[in-house]
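Undergrad: The structure follows.
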Amino acid sequence: MNQTAKVLIEALPFIQRFYNRRIVIKYGGAAMEDESLIHSVMEDIVLMKYVGMRPIVVHGGGPKISAWMDKVGKEPEFVQGLRVTDAETVEIAEMVLAGTINKGIVLRINQHGGQAIGLCGKDANLIVAEKHTPTKMDENGNETTIDIGYVGKIIGVNTQPIITLDEAGYIPVIAPNGTGVDGQTYNINADTMAGEIASALQAEKLILLTDTRGICEDAEDISTLISTIRMNKINALIDEGIIIGGMIPKIEACATALLGGVSKTHVIDGRIPHSLLLEVLTEGGIGTEIIR
């Protein structure tokens, strides 16, 4: 069989399986910075749409936020993988995420033949949030809270704007912020938001693009990649220091999605060209899948 035909035929069962199914994609990392990777991701999203899947994009943009903070003389600070966000930083984050980055992604998808529309968590009260206060153990073994500013914990998702756009044939592209019941704007971790949206929609899949091959037992050795993790093993991997830093919100997002009824979640390397298609349309996939 012709090699091209063989590849297409091998993709057929996956196209059939995921036809008309919603797939939430968290877009971030190097795939947002490298020009060739940007085109690769946009092509993947548009192809998924044209073969009958229903992609929904939630994006990050941390490096660009940090760059703008640097311009105004602010030093980025992170706690447990989350950006410490004061009043000035939350304004910078909204400007960069809901403005520059969101509209840039919409433009790129449209240029590749898709029809995308940008949203943020404020639109139609899509995301209702409250102040997130993470905890840590002090030197005496007591649990204490940490104030990281205007970082939001999602307490409600209004899926109707997403569903309306999706059912009309558009690709929703969503920036990660939300509003408190008091009208306060909150910055929200994009992985966390993608997990909550996937859960609320009961999507077929949640796919997180990262700058690593997935979850490795040894972060420096890709041969130690863990291809499948069951949800009940997550806490042990965090305790063992295998899941650390910015990977923690990603894995917690996967757990949120799975508990909400999402069939499978995936952490994949966005630095690999066409990583989305390799994950969705091949038997072996790439990266790490987290399952119930």
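Residue numbering restarts at 1 in every chain; chains get A, B, ... in the order shown in the structure tokens, and ligands count up from 1 in that same order.
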Kindly provide the residues of range 19-59 of chain A that approach range 171-174 of chain A to within 9 Å, each paired with its closest atom pair and their distance in Å to one decimal, based on only C-alpha atoms, listed by chain and increasing number, as a tab-separated table.
TA:
```
residue	atom	partner	partner_atom	distance
A:Ile45	CA	A:Ile171	CA	8.8
A:Val46	CA	A:Ile171	CA	8.7
A:Lys49	CA	A:Ile171	CA	8.0
A:Arg54	CA	A:Ile171	CA	7.5
A:Pro55	CA	A:Ile171	CA	6.4
A:Ile56	CA	A:Pro172	CA	5.3
A:Val57	CA	A:Val173	CA	4.7
A:Val58	CA	A:Ile174	CA	4.7
A:His59	CA	A:Ile174	CA	6.4
```
Undergrad: Can I get the selected residues back with all heavy atoms, as a tab-separated table (two decimals), in the first residue's frame?
TA:
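Written file, out13.tsv:
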```tsv
chain	number	residue	atom	x	y	z
A	45	ILE	N	-5.30	22.05	14.51
A	45	ILE	CA	-6.63	22.44	15.02
A	45	ILE	C	-7.64	22.53	13.87
A	45	ILE	O	-8.76	22.04	13.98
A	45	ILE	CB	-6.54	23.76	15.80
A	45	ILE	CG1	-5.74	23.56	17.10
A	45	ILE	CG2	-7.93	24.33	16.10
A	45	ILE	CD1	-5.37	24.85	17.81
A	46	VAL	N	-7.23	23.17	12.78
A	46	VAL	CA	-8.13	23.33	11.64
A	46	VAL	C	-8.45	21.97	11.01
A	46	VAL	O	-9.60	21.69	10.66
A	46	VAL	CB	-7.53	24.30	10.60
A	46	VAL	CG1	-8.36	24.32	9.33
A	46	VAL	CG2	-7.44	25.71	11.20
A	49	LYS	N	-10.97	20.15	13.03
A	49	LYS	CA	-12.31	20.69	12.81
A	49	LYS	C	-12.91	20.18	11.50
A	49	LYS	O	-14.08	19.78	11.45
A	49	LYS	CB	-12.23	22.23	12.79
A	49	LYS	CG	-13.59	22.93	12.67
A	49	LYS	CD	-14.39	22.76	13.94
A	49	LYS	CE	-15.67	23.60	13.91
A	49	LYS	NZ	-16.46	23.43	15.13
A	54	ARG	N	-14.47	18.63	17.34
A	54	ARG	CA	-14.91	19.94	17.80
A	54	ARG	C	-13.89	20.51	18.79
A	54	ARG	O	-14.07	20.44	20.01
A	54	ARG	CB	-16.30	19.82	18.42
A	54	ARG	CG	-17.31	19.30	17.40
A	54	ARG	CD	-18.60	18.82	18.00
A	54	ARG	NE	-19.49	19.89	18.35
A	54	ARG	CZ	-20.77	19.72	18.67
A	54	ARG	NH1	-21.29	18.51	18.69
A	54	ARG	NH2	-21.52	20.76	18.99
A	55	PRO	N	-12.78	21.06	18.27
A	55	PRO	CA	-11.74	21.59	19.15
A	55	PRO	C	-12.15	22.88	19.85
A	55	PRO	O	-12.80	23.74	19.25
A	55	PRO	CB	-10.57	21.82	18.20
A	55	PRO	CG	-11.20	22.05	16.86
A	55	PRO	CD	-12.44	21.19	16.84
A	56	ILE	N	-11.77	22.98	21.11
A	56	ILE	CA	-11.98	24.19	21.91
A	56	ILE	C	-10.62	24.52	22.52
A	56	ILE	O	-10.01	23.67	23.17
A	56	ILE	CB	-13.04	23.95	23.00
A	56	ILE	CG1	-14.41	23.74	22.34
A	56	ILE	CG2	-13.07	25.11	23.99
A	56	ILE	CD1	-15.37	22.93	23.15
A	57	VAL	N	-10.15	25.73	22.29
A	57	VAL	CA	-8.79	26.11	22.68
A	57	VAL	C	-8.81	27.02	23.90
A	57	VAL	O	-9.52	28.02	23.93
A	57	VAL	CB	-8.07	26.83	21.52
A	57	VAL	CG1	-6.64	27.21	21.92
A	57	VAL	CG2	-8.06	25.95	20.25
A	58	VAL	N	-8.04	26.63	24.92
A	58	VAL	CA	-7.77	27.51	26.06
A	58	VAL	C	-6.28	27.78	26.03
A	58	VAL	O	-5.48	26.85	25.95
A	58	VAL	CB	-8.16	26.83	27.39
A	58	VAL	CG1	-7.82	27.76	28.57
A	58	VAL	CG2	-9.63	26.45	27.41
A	59	HIS	N	-5.88	29.03	26.07
A	59	HIS	CA	-4.46	29.34	25.90
A	59	HIS	C	-3.86	30.00	27.13
A	59	HIS	O	-4.54	30.62	27.94
A	59	HIS	CB	-4.24	30.23	24.68
A	59	HIS	CG	-4.84	31.60	24.81
A	59	HIS	ND1	-4.21	32.63	25.47
A	59	HIS	CD2	-6.03	32.11	24.37
A	59	HIS	CE1	-4.98	33.71	25.43
A	59	HIS	NE2	-6.09	33.42	24.78
```
Undergrad: Within 12 Å of Gln111 in chain A, counting only C-alpha atoms, which residues show up once you throw out same-chain ones fewer than 6 positions away? Write them as a PyMOL selection string, please.
TA: chain A and resi 38-39+42-43+46+104-105
Undergrad: Closest to Glu167 in chain A among A:Leu47, A:Leu208, A:Met53, A:Leu259, using only C-alpha atoms?
TA: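 Ranking A:Leu47, A:Leu208, A:Met53, A:Leu259 by distance to Glu167 in chain A, first place goes to A:Met53.
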Undergrad: In terms of the shortest atom-to-atom distance over only C-alpha atoms, which of A:Thr192, A:Ser227, A:Thr256, A:Thr164 is closest to Gly284 in chain A?
TA: A:Ser227
Undergrad: With only C-alpha atoms as the counted atoms, please give the residues lying no more than 12 Å from Ile207 in chain A, apart from itself and same-chain residues fewer than 6 positions off, as a short mmCIF file (atom, residue, chain, number, x, y, z; two decimals) with C-alpha atoms, in the first residue's frame.
TA:
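Heads up, here's the output in selection39.cif:
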```cif
data_model
loop_
_atom_site.label_atom_id
_atom_site.label_comp_id
_atom_site.auth_asym_id
_atom_site.auth_seq_id
_atom_site.Cartn_x
_atom_site.Cartn_y
_atom_site.Cartn_z
CA ARG A 22 -15.40 17.99 21.87
CA ILE A 23 -11.65 18.09 22.50
CA VAL A 24 -10.31 20.79 24.80
CA ILE A 25 -6.77 21.86 23.94
CA LYS A 26 -4.60 23.86 26.31
CA TYR A 27 -2.22 25.79 24.06
CA GLY A 28 0.97 27.10 25.63
CA ILE A 45 -6.63 22.44 15.02
CA PRO A 55 -11.74 21.59 19.15
CA ILE A 56 -11.98 24.19 21.91
CA VAL A 57 -8.79 26.11 22.68
CA VAL A 58 -7.77 27.51 26.06
CA HIS A 59 -4.46 29.34 25.90
CA ASP A 191 -4.14 24.56 32.74
CA ALA A 194 -8.79 24.09 30.60
CA GLY A 195 -9.47 21.30 33.08
CA ALA A 198 -13.32 20.22 29.83
CA GLY A 214 5.29 14.18 29.37
CA LYS A 250 -1.38 20.49 34.72
CA ILE A 251 -1.89 17.15 36.46
CA ALA A 253 -6.32 19.94 35.71
CA CYS A 254 -6.30 16.42 34.27
CA ALA A 257 -11.40 16.81 33.92
CA LEU A 258 -11.47 13.07 34.61
CA VAL A 262 -13.77 13.45 30.46
CA SER A 263 -12.72 10.13 28.92
CA LYS A 264 -8.96 10.69 28.70
CA THR A 265 -6.44 13.44 29.38
CA HIS A 266 -3.02 13.90 27.83
CA VAL A 267 0.17 15.82 28.60
CA ILE A 268 2.18 16.06 25.36
CA ASP A 269 5.26 17.81 24.01
CA GLY A 270 4.19 20.86 22.01
CA SER A 275 1.92 16.80 18.18
CA LEU A 276 -1.87 17.15 18.37
CA LEU A 277 -2.43 14.95 15.31
CA LEU A 278 0.14 12.44 16.55
CA GLU A 279 -1.74 12.19 19.84
CA VAL A 280 -5.28 12.06 18.47
CA GLY A 285 0.17 8.60 20.69
CA ILE A 286 2.90 10.62 22.38
CA GLY A 287 3.49 11.92 25.88
CA THR A 288 1.65 10.78 29.00
CA GLU A 289 -2.04 9.94 29.28
CA ILE A 290 -3.76 10.31 32.63
#
```
Undergrad: What's the separation between CA of Leu165 in chain A and CA of Ile117 in chain A, in Å to one decimal place?
TA: 7.8 Å
